[in-house]
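Have a look at the structure below before the remarks.
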Amino acid sequence: MGSSNYQPTNKAVKWFEDRLPILGLMHSTLGAGYLAPRNLNYWWNFGSLAGFMLVVQIITGVILVMHYTPHVDMAFRAVEHIMRDVNYGWLIRYTHSNGASMFFVVVYIHILRGMYFGSYKSPREVLWFLGLVIYLLMMATGFMGYVLPWGQMSFWGATVITNLFGAFDFYEGMGESILHLLWGGFAVDNPTLQRFFSLHYLLPFVIVGVVILHIWALHLPGSNNPLGIDAKGPGDKIPFHPYYTAKDLFGLSFFIVILAIFIFYMPNIMGHPDNYIEANPMVTPPHIVPEWYYLPFYTILKAVPDKLFGVIAMFASILIFFVLPWLDGSKIRSAKFRPTTAFFFWLFLLNTLYLGYLGTKLPDEIMIDMAGGIDALTMGRISSIFYFAYFIVIVPLVSRMESTKPVPISIAQSVLDANKKG
Amino acid sequence: MTTKDQVEQEEGVTRRDFLYVATGAVGAVGAASVVWPLVDQMNPSADVLALASVEVDLSAIPLGQTLKILWRGKPIFIRHRTAAEIEAAIADNGAIDLIDPEDDQARAERPEWLIMVGVCTHLGCVPLDQRGDFNAWFCPCHGSHYDISGRIRKGPAPRNLEVPKYAFLNDTTVKIG
């Protein structure tokens, strides 16, 4: 977060700043002291939107805890109590549950923006790692949060996901020992609910810590930009405040409208009706689906016929993002100048959305009505293979072989050229 | 004469090096012994482990029906098998599609009573009764088919449905656990 050129004029502020230079830190991080490329488009809005959602989730979450009881006999009822009895409880809970979904939407767009414009490439690899760590922490937090209402989907989601770790059964009884350790019993039960509650409360603050590291790592090289070239001279940069604070707030106002539409008009569209039935260890719902943001990975799990390798493939599908900076061997960051890369990027995105769609289907459901019917399992296998081929084959080859378009000399020059044409 | 300083300058092993390593090793063991209680508290607690076994009255289960009870937080299936079902189960003893080959006689102490933990060995869902390719148990989560002996025949589950420890106290009472 660099040295600060912050010079307070007020004597009292200066007195304080000399003793704790935190205002200078803010100034050089999110204020006028941080110079950002002048050509950032609205795709660069999603980082601050993610930060906003994290704050929303923490505030609503801390309030919900004031009315919730983490016990198998009381949790389901506590959530209904929040919905029916607590003043504005419905608003706070719906904001928290839809907020989780919107947090993932925003973060997915943020990650995809990084992929398209090559933000993961040197010198921003550690910045990319920290982002992925935040994403993994979000997945764990989201999963444990979904268990807390103790409905049927909570219980059976927890059962299926924890059982994944039983696949690591390398010697007799090892898988079972892992599961008993995770559950604190012989099945998902009260001890499981209590530890999930504890961790669900803790992890968001861990995320805050990693977000600070993420911003720190961002400010050494500075933000990437749509052209993917380094911002050099003063003509390439403008102060973060007021230019990008204003732009981000404008984007935020649109985002809040979308969030509000979900909260007020379709609060349960992302949820599953079975979660309004209290958890019952004797009956599995006929169709278990995870939350939408896990669906592509769930399809990959189902696509592999072997339990252990299915679990490994599922974890690998996320962890492979960590080596993306080295799989991509191109000297140019932005896909704007890499037409073949851009084409495969969109194909990858479509395929991942399709994987997510398949995640909601039963394995033997017919997806394509030809050649005697191709079922969801087969399509899931084809899509999973493409998913991994994108990382292992397409990106390494295309990035090293494609002929790229000419890259502008500087950000300022490209803006001047665009003005001339316009 | 060689002084202590000379040994240090020549980067040989000194008494100080030994003390560093020894202190570090004792510190690491100490830290690890403190971590263990923090990990082990997650394992099932004494009251969970002490959960009593259950006794079930079998006389209430009609022929061809399955009773489901809860034991240690998991469903237990107790099926009163018909003669045809027992015959089918034994006939399949050597079937080639057995993923986890096991004889029916080894899974049921008394052939008419099949007692199993009703938890799919894939990812822990409860299989449905009288469904699937073998008209026995079928797991709706990821499509595992079990036969009338609770053996996995088709789908992603790696093992047969688990048979818990049980003992017949008399002809109509079984103690599970």
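Letters A, B, ... go to the chains of the structure tokens in the order shown; residues in each chain start at 1; ligands are counted from 1 in the same order.
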
| field | Backbone-only DSSP, strand (DSSP E) members of chain B, as a ChimeraX atom specification | value | /B:54-57,66-71,74-80,113-117,128-131,136-139,144-146,152-154,166-170,173-176

Restricting it to N, CA and C atoms, dump the selection as a compact mmCIF listing (two decimals), in the first residue's frame.
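As a result, part13.txt now contains:
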```
# COMPACT_ATOMS: atom_id res chain seq x y z
N VAL B 54 -30.02 -50.47 20.59
CA VAL B 54 -31.48 -50.53 20.60
C VAL B 54 -31.97 -51.97 20.47
N GLU B 55 -33.08 -52.24 21.12
CA GLU B 55 -33.72 -53.55 20.98
C GLU B 55 -34.98 -53.38 20.16
N VAL B 56 -35.16 -54.25 19.18
CA VAL B 56 -36.30 -54.11 18.27
C VAL B 56 -37.16 -55.36 18.34
N ASP B 57 -38.47 -55.14 18.44
CA ASP B 57 -39.43 -56.25 18.44
C ASP B 57 -39.75 -56.60 16.99
N THR B 66 -40.31 -53.70 5.27
CA THR B 66 -39.07 -53.21 5.88
C THR B 66 -39.42 -52.23 6.99
N LEU B 67 -38.79 -52.41 8.15
CA LEU B 67 -38.95 -51.46 9.25
C LEU B 67 -37.72 -50.56 9.25
N LYS B 68 -37.98 -49.25 9.42
CA LYS B 68 -36.86 -48.31 9.50
C LYS B 68 -36.81 -47.76 10.92
N ILE B 69 -35.65 -47.85 11.56
CA ILE B 69 -35.49 -47.24 12.88
C ILE B 69 -34.24 -46.37 12.87
N LEU B 70 -34.14 -45.46 13.84
CA LEU B 70 -32.98 -44.58 13.93
C LEU B 70 -32.02 -45.11 14.99
N TRP B 71 -30.78 -45.31 14.59
CA TRP B 71 -29.75 -45.79 15.54
C TRP B 71 -28.49 -44.98 15.31
N LYS B 74 -28.49 -42.67 12.41
CA LYS B 74 -28.60 -43.22 11.06
C LYS B 74 -29.79 -44.16 11.00
N PRO B 75 -30.43 -44.24 9.81
CA PRO B 75 -31.52 -45.20 9.67
C PRO B 75 -30.99 -46.64 9.58
N ILE B 76 -31.73 -47.56 10.21
CA ILE B 76 -31.43 -48.99 10.10
C ILE B 76 -32.63 -49.62 9.38
N PHE B 77 -32.33 -50.43 8.35
CA PHE B 77 -33.39 -51.16 7.66
C PHE B 77 -33.46 -52.58 8.23
N ILE B 78 -34.65 -53.00 8.62
CA ILE B 78 -34.84 -54.40 9.02
C ILE B 78 -35.90 -54.97 8.10
N ARG B 79 -35.46 -55.84 7.19
CA ARG B 79 -36.41 -56.39 6.22
C ARG B 79 -36.75 -57.83 6.55
N HIS B 80 -38.04 -58.10 6.59
CA HIS B 80 -38.55 -59.45 6.76
C HIS B 80 -38.68 -60.05 5.36
N TRP B 113 -34.29 -62.36 8.11
CA TRP B 113 -34.09 -61.01 8.65
C TRP B 113 -32.83 -60.39 8.08
N LEU B 114 -33.01 -59.41 7.17
CA LEU B 114 -31.87 -58.68 6.63
C LEU B 114 -31.79 -57.35 7.38
N ILE B 115 -30.68 -57.16 8.12
CA ILE B 115 -30.53 -55.95 8.95
C ILE B 115 -29.34 -55.15 8.43
N MET B 116 -29.58 -53.90 8.01
CA MET B 116 -28.52 -53.11 7.39
C MET B 116 -28.62 -51.65 7.83
N VAL B 117 -27.49 -50.95 7.74
CA VAL B 117 -27.51 -49.50 7.93
C VAL B 117 -28.03 -48.89 6.62
N LEU B 128 -34.08 -45.72 -1.32
CA LEU B 128 -35.52 -45.95 -1.28
C LEU B 128 -35.80 -47.44 -1.42
N ASP B 129 -36.89 -47.86 -0.78
CA ASP B 129 -37.29 -49.25 -0.69
C ASP B 129 -38.00 -49.69 -1.97
N GLN B 130 -37.79 -50.94 -2.40
CA GLN B 130 -38.50 -51.55 -3.53
C GLN B 130 -38.46 -50.68 -4.78
N ARG B 131 -37.25 -50.23 -5.12
CA ARG B 131 -37.05 -49.45 -6.34
C ARG B 131 -35.83 -49.99 -7.06
N ALA B 136 -35.21 -53.60 -5.16
CA ALA B 136 -34.82 -53.70 -3.76
C ALA B 136 -34.56 -52.29 -3.23
N TRP B 137 -33.28 -51.84 -3.27
CA TRP B 137 -33.00 -50.49 -2.80
C TRP B 137 -32.34 -49.68 -3.91
N PHE B 138 -32.74 -48.42 -3.97
CA PHE B 138 -32.22 -47.53 -5.00
C PHE B 138 -31.94 -46.18 -4.35
N CYS B 139 -30.72 -45.68 -4.56
CA CYS B 139 -30.38 -44.37 -3.97
C CYS B 139 -30.71 -43.27 -4.99
N SER B 144 -27.48 -45.26 -7.31
CA SER B 144 -26.89 -46.56 -6.99
C SER B 144 -28.01 -47.58 -6.79
N HIS B 145 -27.84 -48.77 -7.42
CA HIS B 145 -28.83 -49.83 -7.30
C HIS B 145 -28.28 -50.94 -6.40
N TYR B 146 -29.06 -51.33 -5.38
CA TYR B 146 -28.69 -52.42 -4.48
C TYR B 146 -29.66 -53.57 -4.67
N ILE B 152 -24.26 -53.78 -3.59
CA ILE B 152 -24.22 -52.80 -4.68
C ILE B 152 -24.02 -53.54 -6.00
N ARG B 153 -24.91 -53.22 -6.98
CA ARG B 153 -24.87 -53.91 -8.26
C ARG B 153 -24.59 -52.96 -9.41
N LYS B 154 -24.99 -51.68 -9.24
CA LYS B 154 -24.88 -50.75 -10.34
C LYS B 154 -24.88 -49.33 -9.78
N TYR B 166 -25.19 -56.99 15.42
CA TYR B 166 -26.48 -57.24 16.08
C TYR B 166 -26.51 -58.66 16.63
N ALA B 167 -27.44 -58.89 17.56
CA ALA B 167 -27.58 -60.22 18.16
C ALA B 167 -29.06 -60.49 18.42
N PHE B 168 -29.50 -61.73 18.12
CA PHE B 168 -30.88 -62.10 18.42
C PHE B 168 -30.97 -62.51 19.89
N LEU B 169 -31.80 -61.77 20.65
CA LEU B 169 -31.94 -62.11 22.07
C LEU B 169 -32.88 -63.29 22.23
N ASN B 170 -33.93 -63.34 21.37
CA ASN B 170 -34.80 -64.52 21.25
C ASN B 170 -35.39 -64.50 19.85
N THR B 173 -36.82 -60.81 19.13
CA THR B 173 -36.16 -59.57 19.56
C THR B 173 -34.71 -59.56 19.09
N VAL B 174 -34.33 -58.44 18.49
CA VAL B 174 -32.94 -58.30 18.06
C VAL B 174 -32.36 -57.05 18.73
N LYS B 175 -31.09 -57.17 19.13
CA LYS B 175 -30.40 -56.02 19.75
C LYS B 175 -29.36 -55.52 18.77
N ILE B 176 -29.48 -54.24 18.38
CA ILE B 176 -28.54 -53.66 17.41
C ILE B 176 -27.53 -52.79 18.15
```

| task | Residues of chain A near chain B: apply a cut-off of 6 Å, count only C-alpha atoms, and supply the list as a PyMOL selection string. | result | chain A and resi 160+163+181+184-185+187+282+284+286+305

| field | Residue set, chain B restricted to helix (DSSP H, G or I), as a ChimeraX atom specification | value | /B:4-9,15-40,46-49,58-60,83-91,104-107

| Length of the CA of Leu350 (chain A) to CA of Ile109 (chain A) vector [Å] |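 Between CA of Leu350 (chain A) and CA of Ile109 (chain A) the gap is 13.5 Å.
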
| request: For region 219-229 of chain A, please output as number ranges by chain all residues within 6 Å (counting only C-alpha atoms; exclusion window: fewer than 3 positions along the same chain). | output: A: 1, 40, 117, 119, 216, 333-334

| Using only C-alpha atoms, which of the listed residues (B:Glu109, B:Cys120, B:Glu85, B:Gln65) sits closest to Phe134 (chain B)? |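 Smallest distance to Phe134 (chain B) is found for B:Glu85.
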
| query | region 84-97 of chain A: which residues within 12 Å, counting only C-alpha atoms, same-chain residues fewer than 3 positions away excluded, as an MDAnalysis selection string? | reply | chainID A and resid 53:68 77:81 100:104 142:143 145:149 256 258:272 291
